[in-house]
$ cat start_34.txt   # compact mmCIF, C-alpha atoms and all ligand atoms
# COMPACT_ATOMS: atom_id res chain seq x y z
CA MET F 1 82.11 104.63 64.56
CA ASN F 2 84.26 101.64 65.30
CA SER F 3 82.39 99.59 67.86
CA ASP F 4 83.06 96.41 65.84
CA LYS F 5 86.80 97.05 66.32
CA PHE F 6 86.36 97.62 70.05
CA PRO F 7 83.64 95.38 71.44
CA VAL F 8 82.48 96.56 74.83
CA ILE F 9 82.07 94.04 77.60
CA ASP F 10 79.22 94.35 79.98
CA LEU F 11 80.70 95.84 83.12
CA PRO F 12 79.12 98.06 85.74
CA ALA F 13 81.85 100.65 85.99
CA GLY F 14 84.84 101.73 83.96
CA GLY F 15 83.68 100.05 80.71
CA TRP F 16 84.73 101.48 77.37
CA SER F 17 81.96 103.92 76.43
CA GLN F 18 80.94 104.51 72.84
CA GLU F 19 82.14 108.11 73.07
CA GLU F 20 85.55 106.87 74.11
CA PHE F 21 85.81 104.63 71.08
CA ASP F 22 84.79 107.44 68.76
CA ASP F 23 87.31 109.65 70.46
CA LEU F 24 90.30 107.32 70.17
CA GLU F 25 91.69 108.61 66.89
CA LEU F 26 91.31 112.19 68.04
CA ARG F 27 93.16 111.52 71.27
CA ALA F 28 95.92 109.71 69.40
CA SER F 29 96.47 112.79 67.29
CA GLN F 30 96.70 114.89 70.46
CA ARG F 31 99.46 112.70 71.85
CA THR F 32 101.86 114.71 73.98
CA THR F 33 105.48 113.71 74.31
CA GLY F 34 105.41 114.17 78.08
CA VAL F 35 102.97 111.38 78.95
CA VAL F 36 103.21 107.66 78.34
CA ARG F 37 99.82 105.98 77.92
CA VAL F 38 99.78 102.44 79.19
CA GLY F 39 97.58 99.39 78.78
CA VAL F 40 97.96 96.57 81.30
CA ILE F 41 97.17 92.91 80.53
CA GLY F 42 96.60 90.79 83.63
CA TYR F 43 94.99 91.93 86.90
CA GLY F 44 95.47 88.84 89.08
CA TYR F 45 97.87 88.82 92.03
CA TRP F 46 100.61 91.16 90.74
CA GLY F 47 98.69 93.26 88.18
CA PRO F 48 97.03 95.51 90.82
CA ASN F 49 100.50 96.58 92.01
CA VAL F 50 101.53 97.45 88.47
CA VAL F 51 98.33 99.41 87.79
CA ARG F 52 98.51 101.25 91.13
CA ASN F 53 102.10 102.32 90.58
CA PHE F 54 101.63 103.37 86.94
CA HIS F 55 98.52 105.26 88.01
CA GLY F 56 100.49 107.15 90.65
CA LEU F 57 103.08 108.47 88.17
CA GLU F 58 102.72 112.02 86.91
CA ASP F 59 103.96 111.38 83.38
CA CYS F 60 101.93 108.22 82.83
CA ARG F 61 98.28 107.40 82.30
CA VAL F 62 96.73 103.96 82.57
CA VAL F 63 94.32 104.01 79.66
CA ALA F 64 93.02 100.44 79.71
CA VAL F 65 93.25 97.16 81.61
CA CYS F 66 92.60 93.78 80.03
CA ASP F 67 91.92 90.55 81.88
CA LYS F 68 90.15 87.40 80.76
CA SER F 69 88.31 87.40 84.05
CA THR F 70 85.39 89.79 84.36
CA ASP F 71 85.68 89.53 88.16
CA ALA F 72 89.18 90.95 87.89
CA LEU F 73 87.91 93.74 85.66
CA ARG F 74 85.16 94.60 88.13
CA ARG F 75 87.87 95.10 90.75
CA VAL F 76 89.67 97.48 88.40
CA GLY F 77 86.44 99.33 87.68
CA ARG F 78 85.73 99.84 91.38
CA ALA F 79 89.22 101.20 92.08
CA TYR F 80 89.69 103.24 88.88
CA PRO F 81 86.37 104.15 87.23
CA GLN F 82 88.13 106.15 84.49
CA ILE F 83 90.14 103.18 83.12
CA ARG F 84 88.72 101.35 80.09
CA LEU F 85 88.21 97.63 80.61
CA THR F 86 88.24 94.71 78.23
CA THR F 87 88.57 90.93 78.15
CA ASP F 88 90.18 91.00 74.70
CA PHE F 89 93.84 92.02 74.56
CA THR F 90 93.66 92.78 70.83
CA GLU F 91 91.70 95.90 71.79
CA LEU F 92 94.80 97.23 73.54
CA LEU F 93 96.94 96.39 70.52
CA LYS F 94 94.64 98.28 68.20
CA SER F 95 94.21 101.33 70.44
CA PRO F 96 96.08 104.28 68.95
CA ASP F 97 96.04 106.02 72.31
CA ILE F 98 98.20 103.35 73.98
CA ASP F 99 101.99 103.72 73.76
CA ALA F 100 103.10 100.84 76.00
CA ILE F 101 101.70 97.55 77.19
CA ALA F 102 102.49 95.83 80.48
CA VAL F 103 102.24 92.03 80.33
CA VAL F 104 101.35 90.84 83.84
CA THR F 105 100.06 87.37 83.00
CA PRO F 106 101.44 83.84 83.61
CA VAL F 107 104.90 83.07 82.19
CA TRP F 108 103.73 80.88 79.30
CA THR F 109 101.70 83.78 77.86
CA HIS F 110 104.51 86.39 77.96
CA PHE F 111 105.98 85.63 74.54
CA ASP F 112 102.78 85.77 72.49
CA LEU F 113 101.44 88.85 74.24
CA ALA F 114 104.74 90.78 74.18
CA LYS F 115 105.33 89.83 70.53
CA ALA F 116 101.85 91.02 69.53
CA ALA F 117 102.40 94.28 71.44
CA LEU F 118 105.75 94.94 69.72
CA GLU F 119 104.33 94.04 66.32
CA ASN F 120 101.65 96.67 66.91
CA GLY F 121 104.21 99.34 67.74
CA LYS F 122 103.88 99.30 71.54
CA HIS F 123 106.75 99.40 74.04
CA VAL F 124 106.51 96.50 76.48
CA PHE F 125 106.97 95.98 80.19
CA VAL F 126 107.05 92.20 80.73
CA GLU F 127 106.84 90.39 84.03
CA LYS F 128 109.65 88.15 85.21
CA PRO F 129 110.73 85.70 83.97
CA PHE F 130 110.89 87.39 80.56
CA THR F 131 109.96 84.32 78.47
CA SER F 132 109.73 80.51 78.74
CA THR F 133 112.76 79.93 76.48
CA SER F 134 115.87 81.84 75.42
CA GLU F 135 114.82 81.51 71.75
CA GLN F 136 111.63 83.42 72.51
CA ALA F 137 113.62 86.13 74.30
CA GLU F 138 115.93 86.48 71.30
CA VAL F 139 112.94 86.88 68.96
CA LEU F 140 111.48 89.67 71.10
CA ILE F 141 114.83 91.46 71.43
CA GLU F 142 115.33 91.41 67.68
CA LEU F 143 111.76 92.57 67.02
CA ALA F 144 112.02 95.48 69.48
CA ALA F 145 115.37 96.57 68.02
CA ARG F 146 113.97 96.48 64.50
CA LYS F 147 110.94 98.55 65.49
CA ASN F 148 112.91 100.87 67.79
CA LEU F 149 110.77 99.95 70.80
CA LYS F 150 111.72 99.42 74.45
CA ILE F 151 111.52 96.17 76.36
CA MET F 152 111.73 96.28 80.13
CA VAL F 153 111.60 93.08 82.17
CA ASP F 154 110.20 93.38 85.68
CA HIS F 155 113.31 92.67 87.75
CA THR F 156 111.70 94.54 90.62
CA PHE F 157 114.38 94.09 93.26
CA LEU F 158 116.97 95.99 91.20
CA PHE F 159 114.99 99.12 92.01
CA GLY F 160 114.75 98.64 95.77
CA GLY F 161 116.99 100.58 98.14
CA ALA F 162 118.78 97.44 99.34
CA VAL F 163 120.08 96.28 95.94
CA LYS F 164 120.99 99.86 95.03
CA LYS F 165 123.04 100.12 98.23
CA ILE F 166 124.70 96.73 97.72
CA ARG F 167 125.67 97.67 94.18
CA GLU F 168 127.20 100.91 95.52
CA LEU F 169 129.18 98.99 98.13
CA VAL F 170 130.45 96.45 95.59
CA ASP F 171 131.24 99.03 92.89
CA GLY F 172 132.92 101.33 95.41
CA GLY F 173 135.22 98.49 96.47
CA THR F 174 134.01 98.39 100.10
CA LEU F 175 133.72 94.59 100.08
CA GLY F 176 136.89 94.08 98.08
CA PRO F 177 137.09 91.33 95.46
CA LEU F 178 133.97 89.13 95.76
CA TYR F 179 134.13 85.56 97.06
CA TYR F 180 130.48 84.54 96.96
CA PHE F 181 126.79 85.57 96.71
CA ASP F 182 124.38 83.33 98.60
CA SER F 183 120.65 84.00 98.52
CA THR F 184 117.81 82.25 100.35
CA ARG F 185 114.18 82.80 99.31
CA VAL F 186 111.97 80.26 101.03
CA ASN F 187 108.43 80.15 102.38
CA LEU F 188 105.31 77.96 102.39
CA GLY F 189 103.75 78.32 98.87
CA LEU F 190 102.52 80.09 96.84
CA PHE F 191 102.42 77.00 94.61
CA GLN F 192 102.09 77.82 90.90
CA HIS F 193 100.39 75.34 88.56
CA ASP F 194 102.40 76.18 85.46
CA VAL F 195 106.00 76.69 86.62
CA SER F 196 108.47 75.26 89.13
CA VAL F 197 109.89 77.13 92.10
CA VAL F 198 112.96 77.78 89.92
CA TRP F 199 111.00 79.75 87.30
CA ASP F 200 108.78 81.42 89.90
CA LEU F 201 111.16 82.55 92.66
CA ALA F 202 114.73 82.25 91.34
CA PRO F 203 114.32 85.02 88.70
CA HIS F 204 114.44 87.46 91.60
CA ASP F 205 117.75 86.15 92.96
CA LEU F 206 119.31 85.52 89.55
CA SER F 207 118.46 89.02 88.34
CA ILE F 208 119.95 90.52 91.51
CA MET F 209 123.07 88.35 91.09
CA ASP F 210 123.32 89.38 87.43
CA HIS F 211 123.22 93.01 88.55
CA ILE F 212 125.75 92.71 91.38
CA ILE F 213 128.24 90.31 89.79
CA THR F 214 129.18 91.86 86.47
CA GLU F 215 131.29 88.86 85.38
CA LYS F 216 129.74 86.52 82.83
CA PRO F 217 128.62 83.24 84.46
CA GLU F 218 130.41 80.10 83.22
CA ALA F 219 128.37 77.14 84.42
CA VAL F 220 125.39 76.11 86.52
CA VAL F 221 124.77 73.12 88.78
CA ALA F 222 121.33 72.65 90.30
CA THR F 223 119.73 70.05 92.48
CA GLY F 224 116.23 69.88 93.85
CA GLY F 225 113.06 67.88 94.00
CA GLN F 226 109.36 67.79 93.29
CA HIS F 227 107.12 66.51 96.03
CA LEU F 228 103.58 67.62 95.22
CA ASN F 229 102.49 68.69 91.76
CA GLY F 230 105.06 67.57 89.20
CA HIS F 231 107.11 70.78 89.33
CA ALA F 232 110.25 71.24 91.44
CA ASP F 233 109.28 72.83 94.75
CA VAL F 234 112.75 72.87 96.35
CA ALA F 235 115.91 73.86 94.46
CA PHE F 236 119.54 74.68 95.14
CA ILE F 237 121.26 76.46 92.27
CA THR F 238 125.00 77.07 92.08
CA VAL F 239 126.43 79.46 89.50
CA TYR F 240 130.15 79.47 88.71
CA TYR F 241 131.76 82.76 87.71
CA PRO F 242 135.32 83.61 86.65
CA ARG F 243 137.87 84.50 89.35
CA ASN F 244 136.47 81.86 91.67
CA ILE F 245 133.33 83.86 92.47
CA ILE F 246 130.48 81.54 93.36
CA GLY F 247 126.77 82.28 93.39
CA HIS F 248 124.18 80.19 95.18
CA VAL F 249 120.39 80.42 95.32
CA ASN F 250 118.11 78.40 97.57
CA VAL F 251 114.42 78.58 96.62
CA ASN F 252 111.76 76.53 98.36
CA TRP F 253 107.95 76.48 98.54
CA LEU F 254 107.97 73.92 101.35
CA SER F 255 109.63 75.94 104.08
CA PRO F 256 107.79 76.39 107.39
CA VAL F 257 109.20 79.89 107.74
CA LYS F 258 109.74 82.77 105.37
CA VAL F 259 113.38 83.69 104.84
CA ARG F 260 114.69 86.41 102.52
CA THR F 261 118.37 86.60 103.30
CA THR F 262 121.40 87.21 101.12
CA LEU F 263 125.03 86.87 102.24
CA ILE F 264 127.73 88.47 100.14
CA GLY F 265 131.33 87.75 101.05
CA GLY F 266 134.26 89.80 99.87
CA LYS F 267 137.95 89.78 100.75
CA ASP F 268 137.68 93.00 102.78
CA LYS F 269 134.13 93.00 104.15
CA MET F 270 131.03 90.84 104.19
CA LEU F 271 127.39 91.79 104.26
CA VAL F 272 124.04 90.34 105.23
CA TRP F 273 120.84 91.62 103.63
CA ASN F 274 117.73 90.55 105.47
CA ASP F 275 114.82 91.84 103.42
CA LEU F 276 112.34 91.02 106.18
CA GLU F 277 113.97 93.53 108.56
CA ALA F 278 111.98 96.74 108.73
CA ASP F 279 114.93 99.05 109.37
CA GLU F 280 118.47 97.75 109.30
CA LYS F 281 118.06 95.61 106.19
CA ILE F 282 121.77 95.55 105.38
CA LYS F 283 124.58 94.98 107.83
CA VAL F 284 128.18 95.26 106.72
CA TYR F 285 130.70 93.26 108.74
CA ASP F 286 134.36 94.13 108.87
CA LYS F 287 135.21 90.45 109.13
CA GLY F 288 137.61 88.35 107.17
CA VAL F 289 140.32 85.74 107.13
CA ASN F 290 143.96 86.17 106.20
CA ILE F 291 146.15 83.21 105.46
CA THR F 292 149.90 83.64 105.15
CA ASN F 293 152.68 81.08 104.90
CA GLY F 294 154.83 80.53 107.96
CA GLN F 295 158.51 79.72 107.91
CA SER F 296 158.13 76.25 106.49
CA VAL F 297 155.90 75.61 103.47
CA TYR F 298 153.65 73.51 105.71
CA ASP F 299 153.03 76.34 108.19
CA LEU F 300 149.87 78.25 107.45
CA LEU F 301 149.21 81.29 109.57
CA VAL F 302 145.50 81.94 109.77
CA SER F 303 144.29 85.18 111.27
CA TYR F 304 140.70 86.22 111.67
CA ARG F 305 139.63 89.84 111.55
CA SER F 306 136.54 90.86 113.46
CA GLY F 307 135.92 94.58 113.40
CA ASP F 308 132.93 96.90 113.32
CA VAL F 309 129.45 96.18 112.08
CA TRP F 310 127.45 98.98 110.49
CA ALA F 311 124.04 99.34 108.90
CA PRO F 312 123.97 101.74 105.95
CA ARG F 313 120.83 103.74 105.28
CA VAL F 314 118.58 102.04 102.75
CA ASP F 315 115.98 103.95 100.71
CA GLN F 316 112.51 102.59 101.51
CA THR F 317 110.67 103.79 98.37
CA GLU F 318 108.59 101.01 96.81
CA ALA F 319 110.81 99.32 94.20
CA LEU F 320 108.02 98.88 91.64
CA LYS F 321 107.23 102.61 91.78
CA VAL F 322 110.86 103.48 91.03
CA GLU F 323 111.03 100.86 88.29
CA LEU F 324 107.86 101.96 86.50
CA GLY F 325 108.95 105.60 86.70
CA TYR F 326 112.21 104.52 85.08
CA PHE F 327 110.29 102.65 82.36
CA VAL F 328 108.34 105.81 81.52
CA ASP F 329 111.56 107.84 81.60
CA CYS F 330 113.31 105.39 79.26
CA ILE F 331 110.47 105.74 76.75
CA LEU F 332 110.24 109.52 76.96
CA ASN F 333 114.00 110.03 76.76
CA ASP F 334 114.84 107.14 74.45
CA ARG F 335 117.11 105.37 76.96
CA THR F 336 117.90 101.66 77.09
CA PRO F 337 116.76 100.22 80.43
CA LEU F 338 119.34 98.33 82.47
CA ASN F 339 116.70 95.60 82.82
CA ASP F 340 116.11 95.39 79.07
CA GLY F 341 115.45 92.29 76.98
CA GLU F 342 119.12 91.31 77.17
CA ALA F 343 118.99 91.32 80.98
CA GLY F 344 115.80 89.23 80.77
CA LEU F 345 117.52 86.81 78.39
CA ARG F 346 120.54 86.40 80.71
CA VAL F 347 118.17 85.35 83.50
CA VAL F 348 116.21 82.99 81.22
CA ARG F 349 119.49 81.32 80.19
CA LEU F 350 120.36 80.75 83.86
CA LEU F 351 116.86 79.35 84.48
CA GLU F 352 117.10 76.97 81.52
CA ALA F 353 120.53 75.79 82.64
CA SER F 354 119.25 75.30 86.20
CA GLU F 355 116.26 73.30 85.00
CA LYS F 356 118.44 71.08 82.80
CA SER F 357 120.96 70.45 85.57
CA LEU F 358 118.20 69.79 88.11
CA LYS F 359 116.59 67.19 85.82
CA GLU F 360 120.00 65.53 85.42
CA ARG F 361 120.50 65.47 89.20
CA GLY F 362 123.19 68.08 89.34
CA SER F 363 125.03 67.82 86.03
CA ILE F 364 127.35 70.70 85.15
CA VAL F 365 125.70 72.83 82.47
CA SER F 366 128.09 75.20 80.71
CA LEU F 367 126.79 78.57 79.62
N1 LIG V 1 107.83 91.13 90.09
C1 LIG V 1 107.31 90.46 91.08
O1 LIG V 1 107.69 90.61 92.24
C2 LIG V 1 106.19 89.50 90.78
C3 LIG V 1 105.38 89.02 91.83
C4 LIG V 1 104.36 88.13 91.50
C5 LIG V 1 104.17 87.71 90.19
N2 LIG V 1 104.99 88.21 89.21
C6 LIG V 1 104.81 87.79 87.82
O2 LIG V 1 103.61 88.36 87.33
C7 LIG V 1 103.02 87.49 86.37
C8 LIG V 1 101.58 87.22 86.80
O3 LIG V 1 101.60 86.55 88.02
P1 LIG V 1 100.31 86.58 88.99
O4 LIG V 1 100.77 85.92 90.24
O5 LIG V 1 99.73 87.94 89.04
O6 LIG V 1 99.34 85.60 88.19
P2 LIG V 1 97.77 85.44 88.38
O7 LIG V 1 97.42 84.11 87.81
O8 LIG V 1 97.36 85.79 89.77
O9 LIG V 1 97.17 86.59 87.43
C9 LIG V 1 97.28 86.56 86.05
C10 LIG V 1 96.06 87.26 85.45
O10 LIG V 1 96.23 87.31 84.03
C11 LIG V 1 94.99 87.03 83.41
N3 LIG V 1 95.27 86.50 82.07
C12 LIG V 1 95.97 85.39 81.73
N4 LIG V 1 96.08 85.28 80.39
C13 LIG V 1 95.45 86.34 79.87
C14 LIG V 1 95.21 86.82 78.54
N5 LIG V 1 95.66 86.14 77.47
N6 LIG V 1 94.50 87.95 78.37
C15 LIG V 1 94.04 88.63 79.44
N7 LIG V 1 94.23 88.25 80.72
C16 LIG V 1 94.92 87.13 80.93
C17 LIG V 1 94.31 86.01 84.33
O11 LIG V 1 92.90 86.02 84.17
C18 LIG V 1 94.74 86.52 85.71
O12 LIG V 1 93.81 87.44 86.26
C19 LIG V 1 103.90 86.23 86.32
O13 LIG V 1 104.80 86.35 85.25
C20 LIG V 1 104.67 86.29 87.63
O14 LIG V 1 105.95 85.67 87.53
C21 LIG V 1 105.97 89.09 89.49
$ encode --input "start_34.txt" --output "structure tokens"
Amino acid sequence: MNSDKFPVIDLPAGGWSQEEFDDLELRASQRTTGVVRVGVIGYGYWGPNVVRNFHGLEDCRVVAVCDKSTDALRRVGRAYPQIRLTTDFTELLKSPDIDAIAVVTPVWTHFDLAKAALENGKHVFVEKPFTSTSEQAEVLIELAARKNLKIMVDHTFLFGGAVKKIRELVDGGTLGPLYYFDSTRVNLGLFQHDVSVVWDLAPHDLSIMDHIITEKPEAVVATGGQHLNGHADVAFITVYYPRNIIGHVNVNWLSPVKVRTTLIGGKDKMLVWNDLEADEKIKVYDKGVNITNGQSVYDLLVSYRSGDVWAPRVDQTEALKVELGYFVDCILNDRTPLNDGEAGLRVVRLLEASEKSLKERGSIVSL
């Protein structure tokens, strides 16, 4: 009997029954290698997507969901009566029948929750951005390595068909040497109380950029402004890479329209990815500019190339489903995820540099 270890909250459906608590040790001893048992902390806006996708995987079982809000837990209970529910995350840490914990709570809580999970021997799936500081990210990376546990940071877009296709086109040399990456992610809201638009929206673009441009970034310049609640709500981030490659991200919570468009320019081809398009999300343009010297050194011959446009097929499978399946696979087969703690740290470093530069009205921050 261990009800003092696992206090039950008063919920109509899906609550942790006494039999379940008594049964925990037994089930832990019956652990099969083919199934990853997950506990999820946080069932606000994004948590339901994480639970739904974990729940839909064959080699995964969502054992428990924790949220401080009993209203949130009631929603879980209605949708998944078999999932245990709790308001106290330490119950997940102590549960021997949980192998991995997903941290789907606000950014400032990621470090403490992920650290506690790792310390208790659980693999962790942490929402973007990984942590609030690069020091925190380094602590978690070291802890996971020491305990031989996986960290995966939710860089969701890396698992969508569009980014997969773009990476193929870049790696395969279709675009030629890259000139620039320019991403726009703007809409009206959703205002966050605890973080700026940089920490809320730019992790998406910066993680995509980090995946597509394999060079190490050299410096960041960011400008922007805060108009409503003390956090920047409009930001323009420029990232300098070697070989003259330039990255740019425009994030904005004060835009009247929603735009999700990325332009990637290469010497040989250029592409536009419009994520709001239902079908032809990516269009590749055989366009470019050639400049050659004329007879005198002052003569520049500029020629423009304007050839075909084509729309490659893009896989439409939900990115989060692919990503969570990959998380489970990395645990079962002891693989290091491409979006591991190091990838999370690279994005946090870009966010910190952007924030510093933005506060200094566009100073150059070296990385
Ligand atoms: N990958 C994506 O596309 C994507 C999209 C949206 C949000 N997110 C990320 O997901 C995270 C959560 O964002 P959200 O919009 O769902 O936030 P939210 O505020 O809507 O939900 C957070 C939930 O966590 C619960 N919570 C907070 N601290 C807790 C604790 N210590 N123990 C138990 N429960 C706790 C809250 O009660 C709330 O229900 C953030 O890191 C955000 O950046 C990612």
$ residues_around --input "start_34.txt" --residues "segment 261-267 of chain F" --least-positions-apart "5" --cutoff "6 Å" --atoms "only C-alpha atoms" --output "PyMOL selection string"
chain F and resi 175-184+272-274
$ closest_residue --input "start_34.txt" --among "F:Ser132, F:Gln295, F:Gln226, F:Ser357" --to "Leu345 of chain F" --atoms "only C-alpha atoms"
F:Ser132
$ closest_residue --input "start_34.txt" --among "F:Ile101, F:Val36, F:Ala202, F:Leu113" --to "ligand LIG 1 (chain V)" --atoms "all atoms listed in the file"
F:Leu113
$ residues_near_ligand --input "start_34.txt" --ligand "ligand LIG 1 (chain V)" --cutoff "8 Å" --atoms "all atoms listed in the file" --output "PyMOL selection string"
chain F and resi 41-47+66-69+72+87-89+103-107+109-110+113+126-130+154-157+199-201+204+320
$ write_last_selection --input "start_34.txt" --atoms "C-alpha atoms" --output "PDB file, keeping the file's coordinate frame"
ATOM      1  CA  ILE F  41      97.170  92.910  80.530  1.00  0.00           C
ATOM      2  CA  GLY F  42      96.600  90.790  83.630  1.00  0.00           C
ATOM      3  CA  TYR F  43      94.990  91.930  86.900  1.00  0.00           C
ATOM      4  CA  GLY F  44      95.470  88.840  89.080  1.00  0.00           C
ATOM      5  CA  TYR F  45      97.870  88.820  92.030  1.00  0.00           C
ATOM      6  CA  TRP F  46     100.610  91.160  90.740  1.00  0.00           C
ATOM      7  CA  GLY F  47      98.690  93.260  88.180  1.00  0.00           C
ATOM      8  CA  CYS F  66      92.600  93.780  80.030  1.00  0.00           C
ATOM      9  CA  ASP F  67      91.920  90.550  81.880  1.00  0.00           C
ATOM     10  CA  LYS F  68      90.150  87.400  80.760  1.00  0.00           C
ATOM     11  CA  SER F  69      88.310  87.400  84.050  1.00  0.00           C
ATOM     12  CA  ALA F  72      89.180  90.950  87.890  1.00  0.00           C
ATOM     13  CA  THR F  87      88.570  90.930  78.150  1.00  0.00           C
ATOM     14  CA  ASP F  88      90.180  91.000  74.700  1.00  0.00           C
ATOM     15  CA  PHE F  89      93.840  92.020  74.560  1.00  0.00           C
ATOM     16  CA  VAL F 103     102.240  92.030  80.330  1.00  0.00           C
ATOM     17  CA  VAL F 104     101.350  90.840  83.840  1.00  0.00           C
ATOM     18  CA  THR F 105     100.060  87.370  83.000  1.00  0.00           C
ATOM     19  CA  PRO F 106     101.440  83.840  83.610  1.00  0.00           C
ATOM     20  CA  VAL F 107     104.900  83.070  82.190  1.00  0.00           C
ATOM     21  CA  THR F 109     101.700  83.780  77.860  1.00  0.00           C
ATOM     22  CA  HIS F 110     104.510  86.390  77.960  1.00  0.00           C
ATOM     23  CA  LEU F 113     101.440  88.850  74.240  1.00  0.00           C
ATOM     24  CA  VAL F 126     107.050  92.200  80.730  1.00  0.00           C
ATOM     25  CA  GLU F 127     106.840  90.390  84.030  1.00  0.00           C
ATOM     26  CA  LYS F 128     109.650  88.150  85.210  1.00  0.00           C
ATOM     27  CA  PRO F 129     110.730  85.700  83.970  1.00  0.00           C
ATOM     28  CA  PHE F 130     110.890  87.390  80.560  1.00  0.00           C
ATOM     29  CA  ASP F 154     110.200  93.380  85.680  1.00  0.00           C
ATOM     30  CA  HIS F 155     113.310  92.670  87.750  1.00  0.00           C
ATOM     31  CA  THR F 156     111.700  94.540  90.620  1.00  0.00           C
ATOM     32  CA  PHE F 157     114.380  94.090  93.260  1.00  0.00           C
ATOM     33  CA  TRP F 199     111.000  79.750  87.300  1.00  0.00           C
ATOM     34  CA  ASP F 200     108.780  81.420  89.900  1.00  0.00           C
ATOM     35  CA  LEU F 201     111.160  82.550  92.660  1.00  0.00           C
ATOM     36  CA  HIS F 204     114.440  87.460  91.600  1.00  0.00           C
ATOM     37  CA  LEU F 320     108.020  98.880  91.640  1.00  0.00           C
TER      38      LEU F 320
END
$ closest_residue --input "start_34.txt" --among "F:Pro256, F:Gly362, F:Pro242, F:Gly341" --to "Gly224 of chain F" --atoms "all atoms listed in the file"
F:Gly362
$ atom_distance --input "start_34.txt" --atom1 "atom CA of Ser354 of chain F" --atom2 "atom CA of Asp205 of chain F"
12.9 Å
$ closest_residue --input "start_34.txt" --among "F:Asp268, F:Asp99, F:Glu215, F:Glu91" --to "Lys150 of chain F" --atoms "only C-alpha atoms"
F:Asp99
$ axis_aligned_box --input "start_34.txt" --around "segment 47-56 of chain F" --padding-each-side "4 Å" --output "AutoDock Vina command-line options"
--center_x 99.6 --center_y 100.2 --center_z 89.5 --size_x 13.1 --size_y 21.9 --size_z 13.1
$ closest_atom_pairs --input "start_34.txt" --of "segment 257-357 of chain F" --to "segment 51-64 of chain F" --cutoff "12 Å" --atoms "only C-alpha atoms" --output "tab-separated table"
residue	atom	partner	partner_atom	distance
F:Thr317	CA	F:Asn53	CA	11.7
F:Glu318	CA	F:Asn53	CA	9.1
F:Ala319	CA	F:Asn53	CA	9.9
F:Leu320	CA	F:Asn53	CA	6.9
F:Lys321	CA	F:Asn53	CA	5.3
F:Val322	CA	F:Asn53	CA	8.8
F:Glu323	CA	F:Asn53	CA	9.3
F:Leu324	CA	F:Phe54	CA	6.4
F:Gly325	CA	F:Leu57	CA	6.7
F:Tyr326	CA	F:Leu57	CA	10.4
F:Phe327	CA	F:Phe54	CA	9.8
F:Val328	CA	F:Cys60	CA	7.0
F:Asp329	CA	F:Asp59	CA	8.6
F:Cys330	CA	F:Asp59	CA	11.8
F:Ile331	CA	F:Cys60	CA	10.8
F:Leu332	CA	F:Asp59	CA	9.2
$ atom_distance --input "start_34.txt" --atom1 "atom CA of Ala114 of chain F" --atom2 "atom CA of Ile83 of chain F"
21.1 Å
